[in-house]
Structure formats: structure tokens, C-alpha cells
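Structure file my_file_2.txt (compact mmCIF, C-alpha atoms) follows.
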# COMPACT_ATOMS: atom_id res chain seq x y z
CA MET Q 182 20.75 11.13 28.27
CA GLN Q 183 19.47 8.10 30.12
CA TRP Q 184 16.36 6.09 29.26
CA LYS Q 185 14.67 3.99 31.91
CA LYS Q 186 12.99 0.90 30.52
CA LYS Q 187 9.40 0.35 31.66
CA GLY Q 188 8.75 -2.98 29.98
CA LEU Q 189 6.64 -4.65 27.33
CA ILE Q 190 3.28 -3.09 26.41
CA PHE Q 191 1.77 -5.39 23.81
CA ALA Q 192 2.44 -8.51 21.75
CA PRO Q 193 -0.21 -10.44 19.77
CA GLU Q 194 -1.42 -13.57 21.48
CA GLN Q 195 -1.41 -16.76 19.49
CA PRO Q 196 -4.76 -16.90 17.67
CA SER Q 197 -7.32 -19.43 18.74
CA GLY Q 198 -8.27 -20.08 15.13
CA GLY Q 199 -11.02 -18.90 12.85
CA GLN Q 200 -11.30 -16.08 10.33
CA ASP Q 201 -11.47 -13.33 12.94
CA SER Q 202 -7.96 -14.05 14.23
CA ALA Q 203 -6.21 -14.88 10.95
CA TRP Q 204 -5.15 -11.27 10.27
CA MET Q 205 -3.14 -10.84 13.53
CA VAL Q 206 -1.06 -13.97 13.92
CA SER Q 207 2.30 -12.46 14.92
CA HIS Q 208 4.32 -9.24 15.34
CA ALA Q 209 3.48 -5.76 16.63
CA GLN Q 210 6.00 -3.85 14.53
CA VAL Q 211 7.05 -0.19 14.08
CA PRO Q 212 4.87 1.45 16.78
CA LEU Q 213 3.46 4.88 15.88
CA VAL Q 214 1.89 7.02 18.62
CA ASP Q 215 -0.96 9.51 18.14
CA ARG Q 216 -2.71 11.57 20.80
CA VAL Q 217 -6.44 10.90 21.25
CA ASP Q 218 -6.88 13.29 24.19
CA GLU Q 219 -5.10 14.29 27.40
CA THR Q 220 -5.57 10.85 28.93
CA THR Q 221 -5.33 8.48 25.96
CA LEU Q 222 -2.75 7.58 23.32
CA ARG Q 223 -3.43 5.47 20.25
CA VAL Q 224 -0.54 3.23 19.19
CA TYR Q 225 -0.65 2.00 15.60
CA PHE Q 226 1.52 -0.95 14.60
CA GLY Q 227 2.05 -3.48 11.84
CA THR Q 228 0.92 -7.02 12.48
CA ARG Q 229 1.29 -10.10 10.27
CA ASP Q 230 -1.42 -12.42 9.03
CA GLU Q 231 -1.29 -16.19 8.51
CA HIS Q 232 0.53 -15.63 5.20
CA ASN Q 233 3.17 -13.32 6.78
CA ARG Q 234 1.67 -10.21 5.18
CA THR Q 235 1.54 -6.97 7.18
CA VAL Q 236 -1.58 -4.90 7.93
CA THR Q 237 -2.00 -1.95 10.31
CA THR Q 238 -4.14 -1.83 13.44
CA TYR Q 239 -3.96 -0.11 16.84
CA ILE Q 240 -4.40 -0.26 20.58
CA GLU Q 241 -5.14 2.59 23.00
CA VAL Q 242 -3.17 3.12 26.20
CA ALA Q 243 -3.21 5.50 29.16
CA ALA Q 244 -1.14 8.59 28.30
CA ALA Q 245 0.39 8.82 31.76
CA ASP Q 246 0.97 5.05 31.99
CA PRO Q 247 1.38 3.48 28.53
CA ALA Q 248 1.66 -0.01 30.03
CA LYS Q 249 -2.06 0.25 30.85
CA ILE Q 250 -3.96 -0.96 27.77
CA LEU Q 251 -7.44 0.58 27.47
CA TYR Q 252 -8.58 -0.87 24.15
CA VAL Q 253 -7.44 -3.33 21.46
CA HIS Q 254 -8.90 -2.75 18.00
CA ASP Q 255 -10.57 -5.80 16.45
CA ARG Q 256 -9.72 -5.27 12.77
CA PRO Q 257 -7.11 -3.66 10.49
CA VAL Q 258 -7.43 0.08 9.88
CA LEU Q 259 -5.32 -0.28 6.73
CA GLY Q 260 -5.33 -3.61 4.95
CA LEU Q 261 -3.54 -4.93 1.88
CA GLY Q 262 -3.52 -3.01 -1.37
CA SER Q 263 -5.15 -4.23 -4.56
CA LEU Q 264 -3.57 -7.15 -6.38
CA GLY Q 265 -0.54 -5.98 -8.34
CA CYS Q 266 -0.19 -2.67 -6.47
CA PHE Q 267 2.88 -1.64 -4.50
CA ASP Q 268 1.31 -2.65 -1.17
CA ASP Q 269 -0.46 -5.91 -2.02
CA ASN Q 270 1.81 -7.82 0.38
CA GLY Q 271 1.92 -5.36 3.23
CA ALA Q 272 0.95 -1.94 4.59
CA MET Q 273 3.13 -1.01 7.57
CA PRO Q 274 2.69 2.23 9.59
CA SER Q 275 5.37 4.92 9.55
CA TRP Q 276 4.19 8.43 10.49
CA MET Q 277 1.13 10.60 11.14
CA VAL Q 278 0.58 14.31 10.39
CA ASP Q 279 -2.49 16.35 11.39
CA HIS Q 280 -3.37 18.66 8.49
CA ASP Q 281 -6.55 20.58 7.58
CA GLY Q 282 -8.64 18.59 10.05
CA LYS Q 283 -7.46 15.28 8.59
CA LYS Q 284 -4.81 12.77 9.52
CA TYR Q 285 -2.18 12.07 6.86
CA PHE Q 286 -0.94 8.55 7.42
CA TYR Q 287 2.38 7.69 5.76
CA TYR Q 288 3.03 3.99 5.43
CA THR Q 289 5.43 1.50 3.88
CA GLY Q 290 4.03 -0.71 1.14
CA TRP Q 291 5.48 -4.18 0.60
CA ASN Q 292 5.84 -6.27 -2.54
CA THR Q 293 7.54 -9.62 -2.82
CA SER Q 294 10.13 -9.94 -5.57
CA THR Q 295 12.08 -12.63 -7.42
CA THR Q 296 15.77 -11.70 -7.56
CA VAL Q 297 15.57 -10.08 -4.09
CA PRO Q 298 13.09 -10.91 -1.30
CA TYR Q 299 11.08 -7.67 -1.34
CA ARG Q 300 10.65 -4.12 -2.56
CA ASN Q 301 9.24 -1.18 -0.55
CA SER Q 302 7.62 2.13 -1.48
CA LEU Q 303 5.86 4.91 0.46
CA GLY Q 304 2.09 5.29 0.44
CA LEU Q 305 -0.38 7.81 1.86
CA ALA Q 306 -3.76 7.14 3.47
CA ILE Q 307 -6.06 9.76 4.98
CA SER Q 308 -8.47 9.66 7.92
CA GLU Q 309 -11.42 12.00 8.36
CA ASP Q 310 -12.72 10.35 11.53
CA GLY Q 311 -9.84 11.05 13.91
CA GLY Q 312 -7.73 8.05 12.97
CA ARG Q 313 -10.27 5.27 13.51
CA SER Q 314 -10.23 4.37 9.79
CA PHE Q 315 -8.19 5.30 6.73
CA ILE Q 316 -8.73 5.51 2.98
CA ARG Q 317 -5.83 5.37 0.56
CA ALA Q 318 -5.19 8.71 -1.12
CA TYR Q 319 -3.82 6.86 -4.16
CA GLU Q 320 -3.56 3.26 -5.30
CA GLY Q 321 0.08 3.88 -6.18
CA PRO Q 322 3.03 5.07 -4.09
CA ILE Q 323 3.83 8.75 -3.49
CA VAL Q 324 7.57 7.99 -3.12
CA ASP Q 325 9.13 5.15 -5.09
CA ARG Q 326 12.43 4.17 -6.68
CA THR Q 327 13.80 6.61 -9.26
CA ALA Q 328 16.65 6.93 -11.76
CA LYS Q 329 18.92 8.13 -8.93
CA GLU Q 330 17.48 5.92 -6.19
CA PRO Q 331 16.98 2.62 -8.03
CA HIS Q 332 16.30 0.18 -5.18
CA PHE Q 333 13.63 1.00 -2.59
CA CYS Q 334 12.57 3.47 0.09
CA ALA Q 335 10.62 3.00 3.31
CA VAL Q 336 9.66 4.12 6.84
CA PRO Q 337 9.48 7.93 6.63
CA CYS Q 338 9.27 10.56 9.37
CA VAL Q 339 7.42 13.74 8.32
CA LEU Q 340 7.30 17.15 10.04
CA VAL Q 341 5.60 20.34 8.79
CA GLU Q 342 7.39 23.62 9.53
CA GLU Q 343 5.99 26.97 8.33
CA GLY Q 344 4.29 25.35 5.35
CA LYS Q 345 7.29 23.23 4.38
CA TRP Q 346 6.87 19.46 4.61
CA ARG Q 347 10.11 17.75 5.62
CA MET Q 348 10.78 14.02 5.31
CA TRP Q 349 13.53 11.75 6.59
CA TYR Q 350 13.32 8.28 5.08
CA LEU Q 351 15.12 4.98 4.52
CA SER Q 352 16.84 4.76 1.13
CA CYS Q 353 18.30 1.47 -0.07
CA VAL Q 354 21.70 1.88 -1.73
CA GLY Q 355 22.01 -1.70 -2.98
CA TRP Q 356 22.01 -5.41 -2.25
CA GLU Q 357 24.94 -7.66 -1.38
CA ILE Q 358 25.08 -11.44 -1.61
CA PHE Q 359 26.01 -12.95 1.75
CA GLU Q 360 26.11 -16.73 2.17
CA GLY Q 361 24.19 -17.10 -1.07
CA LYS Q 362 21.35 -14.70 -0.17
CA PRO Q 363 20.83 -11.01 -1.05
CA GLU Q 364 20.93 -8.57 1.88
CA PRO Q 365 19.97 -4.87 1.56
CA ARG Q 366 22.05 -1.87 2.64
CA TYR Q 367 20.15 1.32 3.47
CA HIS Q 368 20.66 4.64 5.21
CA ILE Q 369 18.57 7.77 5.91
CA LYS Q 370 18.01 10.54 3.38
CA TYR Q 371 16.07 13.82 3.31
CA ALA Q 372 13.29 15.24 1.08
CA GLU Q 373 10.98 18.28 0.99
CA SER Q 374 7.44 18.97 -0.24
CA ALA Q 375 4.97 21.84 -0.52
CA ASP Q 376 1.89 19.64 -0.05
CA GLY Q 377 2.95 16.37 1.60
CA VAL Q 378 2.29 14.42 -1.60
CA HIS Q 379 4.81 15.51 -4.23
CA TRP Q 380 8.34 15.18 -2.87
CA GLN Q 381 11.59 16.70 -4.09
CA ARG Q 382 14.57 14.45 -3.47
CA GLU Q 383 18.11 15.73 -3.97
CA GLY Q 384 19.97 12.70 -2.63
CA ILE Q 385 20.86 14.35 0.68
CA VAL Q 386 22.17 11.75 3.12
CA CYS Q 387 21.45 12.54 6.77
CA ILE Q 388 22.61 9.41 8.64
CA ASP Q 389 25.25 7.40 6.81
CA PHE Q 390 27.12 4.17 7.52
CA ARG Q 391 29.97 4.39 9.99
CA SER Q 392 31.82 1.47 8.38
CA ASP Q 393 31.46 -1.29 5.78
CA ALA Q 394 30.29 -3.58 8.58
CA GLU Q 395 27.18 -1.45 9.12
CA ALA Q 396 24.42 -2.12 6.62
CA GLY Q 397 21.01 -0.91 7.80
CA ILE Q 398 19.86 2.43 9.27
CA VAL Q 399 16.09 2.75 9.57
CA ARG Q 400 13.02 4.36 11.17
CA PRO Q 401 14.01 7.97 11.87
CA SER Q 402 12.04 9.67 14.64
CA VAL Q 403 12.70 13.42 14.65
CA ILE Q 404 11.80 16.06 17.23
CA LYS Q 405 12.66 19.75 17.06
CA ASP Q 406 13.83 20.75 20.52
CA GLY Q 407 14.17 24.55 20.51
CA SER Q 408 16.86 25.26 17.91
CA LEU Q 409 18.12 21.69 17.92
CA TYR Q 410 16.82 18.73 15.94
CA ARG Q 411 17.06 15.33 17.62
CA MET Q 412 16.74 12.04 15.77
CA TRP Q 413 16.41 8.49 17.03
CA TYR Q 414 16.72 5.52 14.63
CA SER Q 415 17.94 1.93 14.58
CA PHE Q 416 21.03 0.47 12.94
CA ARG Q 417 22.39 -3.04 12.30
CA GLY Q 418 25.27 -4.94 10.77
CA LEU Q 419 25.41 -6.71 7.41
CA LYS Q 420 26.18 -10.26 8.55
CA HIS Q 421 24.07 -12.56 10.76
CA TYR Q 422 21.92 -9.69 12.07
CA ARG Q 423 18.91 -12.03 12.30
CA THR Q 424 20.68 -14.56 14.51
CA ASP Q 425 23.64 -12.84 16.19
CA LYS Q 426 22.58 -10.22 18.72
CA SER Q 427 25.94 -8.45 18.47
CA SER Q 428 25.05 -7.58 14.86
CA SER Q 429 21.30 -7.05 15.29
CA TYR Q 430 19.45 -3.75 15.59
CA ARG Q 431 20.33 -1.17 18.22
CA ILE Q 432 18.79 2.25 18.65
CA GLY Q 433 20.97 5.21 17.72
CA TYR Q 434 20.82 8.97 18.23
CA ALA Q 435 21.90 12.07 16.29
CA GLU Q 436 21.66 15.88 16.53
CA SER Q 437 21.42 18.63 13.92
CA PRO Q 438 21.12 22.43 13.83
CA ASP Q 439 19.01 22.41 10.65
CA GLY Q 440 17.60 18.89 10.16
CA ILE Q 441 19.93 18.26 7.22
CA ALA Q 442 23.51 17.98 8.53
CA TRP Q 443 23.57 15.49 11.40
CA ALA Q 444 26.16 14.35 13.93
CA ARG Q 445 25.77 10.75 15.10
CA LYS Q 446 25.99 10.35 18.87
CA ASP Q 447 24.90 6.74 19.32
CA GLU Q 448 27.06 6.41 22.42
CA ASP Q 449 24.98 9.10 24.15
CA LEU Q 450 21.66 7.25 23.79
CA GLY Q 451 21.57 5.51 27.16
CA LEU Q 452 19.53 2.45 26.16
CA ASP Q 453 20.71 -1.02 25.11
CA ILE Q 454 19.43 -4.58 25.02
CA SER Q 455 18.34 -6.21 28.30
CA ALA Q 456 20.04 -9.16 29.94
CA SER Q 457 16.96 -11.30 29.31
CA GLY Q 458 13.41 -11.06 28.08
CA TRP Q 459 11.57 -9.53 25.12
CA ASP Q 460 14.33 -7.02 24.17
CA SER Q 461 17.42 -9.05 25.06
CA GLU Q 462 18.52 -9.57 21.44
CA MET Q 463 17.66 -6.30 19.70
CA THR Q 464 16.13 -2.86 20.17
CA ALA Q 465 14.59 -1.42 17.01
CA TYR Q 466 12.22 1.03 15.30
CA PRO Q 467 12.01 3.79 17.94
CA TYR Q 468 9.24 6.38 18.13
CA VAL Q 469 9.80 9.24 20.58
CA TYR Q 470 6.71 10.99 21.94
CA VAL Q 471 6.35 13.92 24.36
CA HIS Q 472 3.44 13.95 26.81
CA GLY Q 473 3.39 16.88 29.21
CA GLU Q 474 6.93 17.12 30.54
CA GLN Q 475 7.66 13.43 30.00
CA ARG Q 476 9.44 12.01 26.95
CA TYR Q 477 8.58 8.42 26.01
CA MET Q 478 10.34 6.08 23.60
CA PHE Q 479 8.21 3.29 22.12
CA TYR Q 480 10.29 0.59 20.45
CA ASN Q 481 10.43 -3.02 19.28
CA GLY Q 482 12.48 -5.83 20.74
CA ASN Q 483 13.47 -9.30 19.55
CA GLY Q 484 12.50 -10.65 16.16
CA PHE Q 485 11.88 -7.28 14.48
CA GLY Q 486 8.71 -6.85 16.52
CA LYS Q 487 7.75 -10.48 16.92
CA SER Q 488 8.13 -10.08 20.70
CA GLY Q 489 5.96 -6.95 20.60
CA PHE Q 490 6.68 -3.35 21.59
CA GLY Q 491 7.42 -1.67 24.89
CA TYR Q 492 8.58 1.70 26.12
CA ALA Q 493 11.13 3.65 28.10
CA VAL Q 494 11.04 7.09 29.74
CA LEU Q 495 13.76 9.73 29.66
CA SER Q 496 15.07 10.27 33.17
Rewrite the structure from the file as C-alpha cells, please.
Amino acid sequence: MQWKKKGLIFAPEQPSGGQDSAWMVSHAQVPLVDRVDETTLRVYFGTRDEHNRTVTTYIEVAAADPAKILYVHDRPVLGLGSLGCFDDNGAMPSWMVDHDGKKYFYYTGWNTSTTVPYRNSLGLAISEDGGRSFIRAYEGPIVDRTAKEPHFCAVPCVLVEEGKWRMWYLSCVGWEIFEGKPEPRYHIKYAESADGVHWQREGIVCIDFRSDAEAGIVRPSVIKDGSLYRMWYSFRGLKHYRTDKSSSYRIGYAESPDGIAWARKDEDLGLDISASGWDSEMTAYPYVYVHGEQRYMFYNGNGFGKSGFGYAVLS
């Protein structure tokens, strides 16, 4: 496997001021690709406002040449949740499923906390106009912390196979104090559903830590390729991952015969940080999309998406 980098697609420009620009001040984080038609792709992403809160918007790009931007949306398609709800500090895109003529939009809700910096849960919004706008299905989360998963969950990937809804998602296993500050540890688990709303979680771990030095595994992107499941994700270390590029996010890869038992093959990925530029410190939050016979990977670079998102093609 060898990915050829094609460069940066989009990063928010510094706002010129005024109310119209206050909602997209920085970041284009966790890109999510949806097909509009044969020639156009819509790329949803999380962007941060002047108070560092995340909302979701999108751009449209040429399907055969994603570096060619056709349209930039001028407002959020999913804003902040109501005060006190699980997503009142952020609504970040994760995955899209077409079902019964509607688009099921799975997203990560953000809350700030006191003893730890934040808490995440999974929400669901639905579009009946082809993905141009979304309405929350519920004010509360559809997947949250439980007696057996007491910390937080986030960033799901959802596939529907023969009526069975399958989810791979980030599950936080705990927090560790490092240099006086709490840092989360999380890996990827698996869940199933009959309707995409009510999820059965049995604690099945799909992608686990390779060592105590590894602390974060996030943003699964799963494709079924014949009889083989392929997953791309990002992983990081516990210490100094915000400032030391040797410990920051890299994109990983795994294979599975059934979508449950996975073999990590990170060394087979064929994509790493660049020598300079927007992805010279980290590569993170991959989304793999197939258009015709071409396989694209959309991903974030430095600063957890602060430098924007770009793409690579499988050669």
C-alpha cells in the first residue's frame, strides 16, 4: 500500500471581523465525505468559533479532483446544542449513513468539565434535504458513558450490513495525570444496533494499545473490501503529543475478516508526515472514500486540524 499525497484542500482564513465570520475562526477538523453526484463531493468538517467551540459546516469539491473547491458553505449545518445538553460546547462531524431517503449524521458532542478538560458523547442528527441542513433527532446523546464505560466515547464509524448497524467508536479507558494535567487514554471498540439509534455494547475492543507509551487511538474509517474489512485510524503517544511530533498523531491501518477481530498493520500504511508544510508535525483523523476506481484519503495535519485538511490517493 502506498498513498501519494496531493496536498492541502482547505483551511479557514482568518476572519475579517463581524458576526458573520465569528463562527469559523480556526480549524477544519475531522473531514467527512459524502457524495452529491458523480462530479461533486461534499466535505463536512468541524470548525471552531471565537470561543473555541466546534460547529459543523461543509465545502463542495470536484469528485475527480478534490483540490478544486466548488463551493464554501456560509453557515453551520449543525450548531451548538441547548444550554446544559451534552453538545452545548461543540458538535463535531463523525459519520454519515443514507437510510430510508434520509441522511443519518453521527456526531461527537462536547462538554467542558471541571476535574478533566472535557467529556464527549455521541449524537444523531437527520437531514431530509440531501445533507444541506440537519435537525437533531434527540436533545440527548444516543451513546454515552455507562456503568462499564465510565469516561467518554466519541468519533464513530457506522456501516449497515443486511439490516445490522455496526459501529466502531472511540472509548476512553481513563485519565492519567502528566506534568500536573489530566490526559485521556482511549482505544477503539465495537457495537451493534437494529435501528441505528439503540446500541448494544459488549466491551469488544477492536484496536488496542500496542504499549503503555501509546495513549490515543481515534477516528476509525472502515471499508469492506470483498471479504476483508480495512480500517484506517490515527494513534498518538501519552506524553508531549501536542508539542513533540515524534509523539503526535500518525495514521494507522488494520485488517479483519469479520470487522471484530483486527490485526494492526500500521507499518503497511505508506503515509507519514511531510518534511515541511501543513502536515509536517502530524497526520490525523483519516476518512477513506472510493470514487470510481480511485481510493482517496482525506485527513488532517498539524494542530489537530488547525492547518486544515488535505488528501492523498492510493497508488
inquiry  = Please list as an NGL selection string every residue within 12 Å of Lys405 (chain Q), counting all atoms listed in the file and excluding residues in the same chain fewer than 4 positions away.
reply    = :Q and (339-342 or 347 or 409-413 or 436-440 or 469-471)
query = What is the CA of Leu495 (chain Q)-CA of Gln210 (chain Q) distance in Å, reported with one decimal?
reply =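 Taking CA of Leu495 (chain Q) as the start and CA of Gln210 (chain Q) as the end point, the length is 21.8 Å.
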message = My list of candidates is Q:Cys266, Q:Met463, Q:Ala394, Q:Ile404. Which is closest to Thr424 (chain Q) when distances are computed with all atoms listed in the file?
response =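 Closest to Thr424 (chain Q) of all the choices is Q:Met463.
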Show which residues sit within 8 Å of Gly433 (chain Q), as a PDB file with C-alpha atoms, in the coordinates of the input. Count all atoms listed in the file, and ignore same-chain residues fewer than 5 positions away.
ATOM      1  CA  TRP Q 413      16.410   8.490  17.030  1.00  0.00           C
ATOM      2  CA  TYR Q 414      16.720   5.520  14.630  1.00  0.00           C
ATOM      3  CA  SER Q 415      17.940   1.930  14.580  1.00  0.00           C
ATOM      4  CA  PHE Q 416      21.030   0.470  12.940  1.00  0.00           C
ATOM      5  CA  ARG Q 445      25.770  10.750  15.100  1.00  0.00           C
ATOM      6  CA  LYS Q 446      25.990  10.350  18.870  1.00  0.00           C
ATOM      7  CA  ASP Q 447      24.900   6.740  19.320  1.00  0.00           C
ATOM      8  CA  GLU Q 448      27.060   6.410  22.420  1.00  0.00           C
ATOM      9  CA  LEU Q 450      21.660   7.250  23.790  1.00  0.00           C
TER      10      LEU Q 450
END
query = So which residues touch His208 (chain Q) within 10 Å, counting only C-alpha atoms, skipping near sequence neighbours fewer than 4 positions away, as number ranges by chain?
reply = Q: 191-194, 226-230, 233, 235, 481, 484-490
task = Counting all atoms listed in the file, figure out which residue out of Q:Ala396, Q:Val253, Q:Pro401, Q:Val386 gets nearest to Phe359 (chain Q).
result = Q:Ala396
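Between CA of Arg216 (chain Q) and CA of Arg256 (chain Q) lies a distance of 19.9 Å.
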query = With distances taken over all atoms listed in the file, which of Q:Arg234, Q:Arg223, Q:Lys187, Q:Arg300 is nearest to Ser207 (chain Q)?
reply = Q:Arg234
Near-Gly355 (chain Q) list (9 Å; only C-alpha atoms; drop same-chain fewer than 2 positions) as a ChimeraX atom specification = /Q:331-333,353,357,364-367
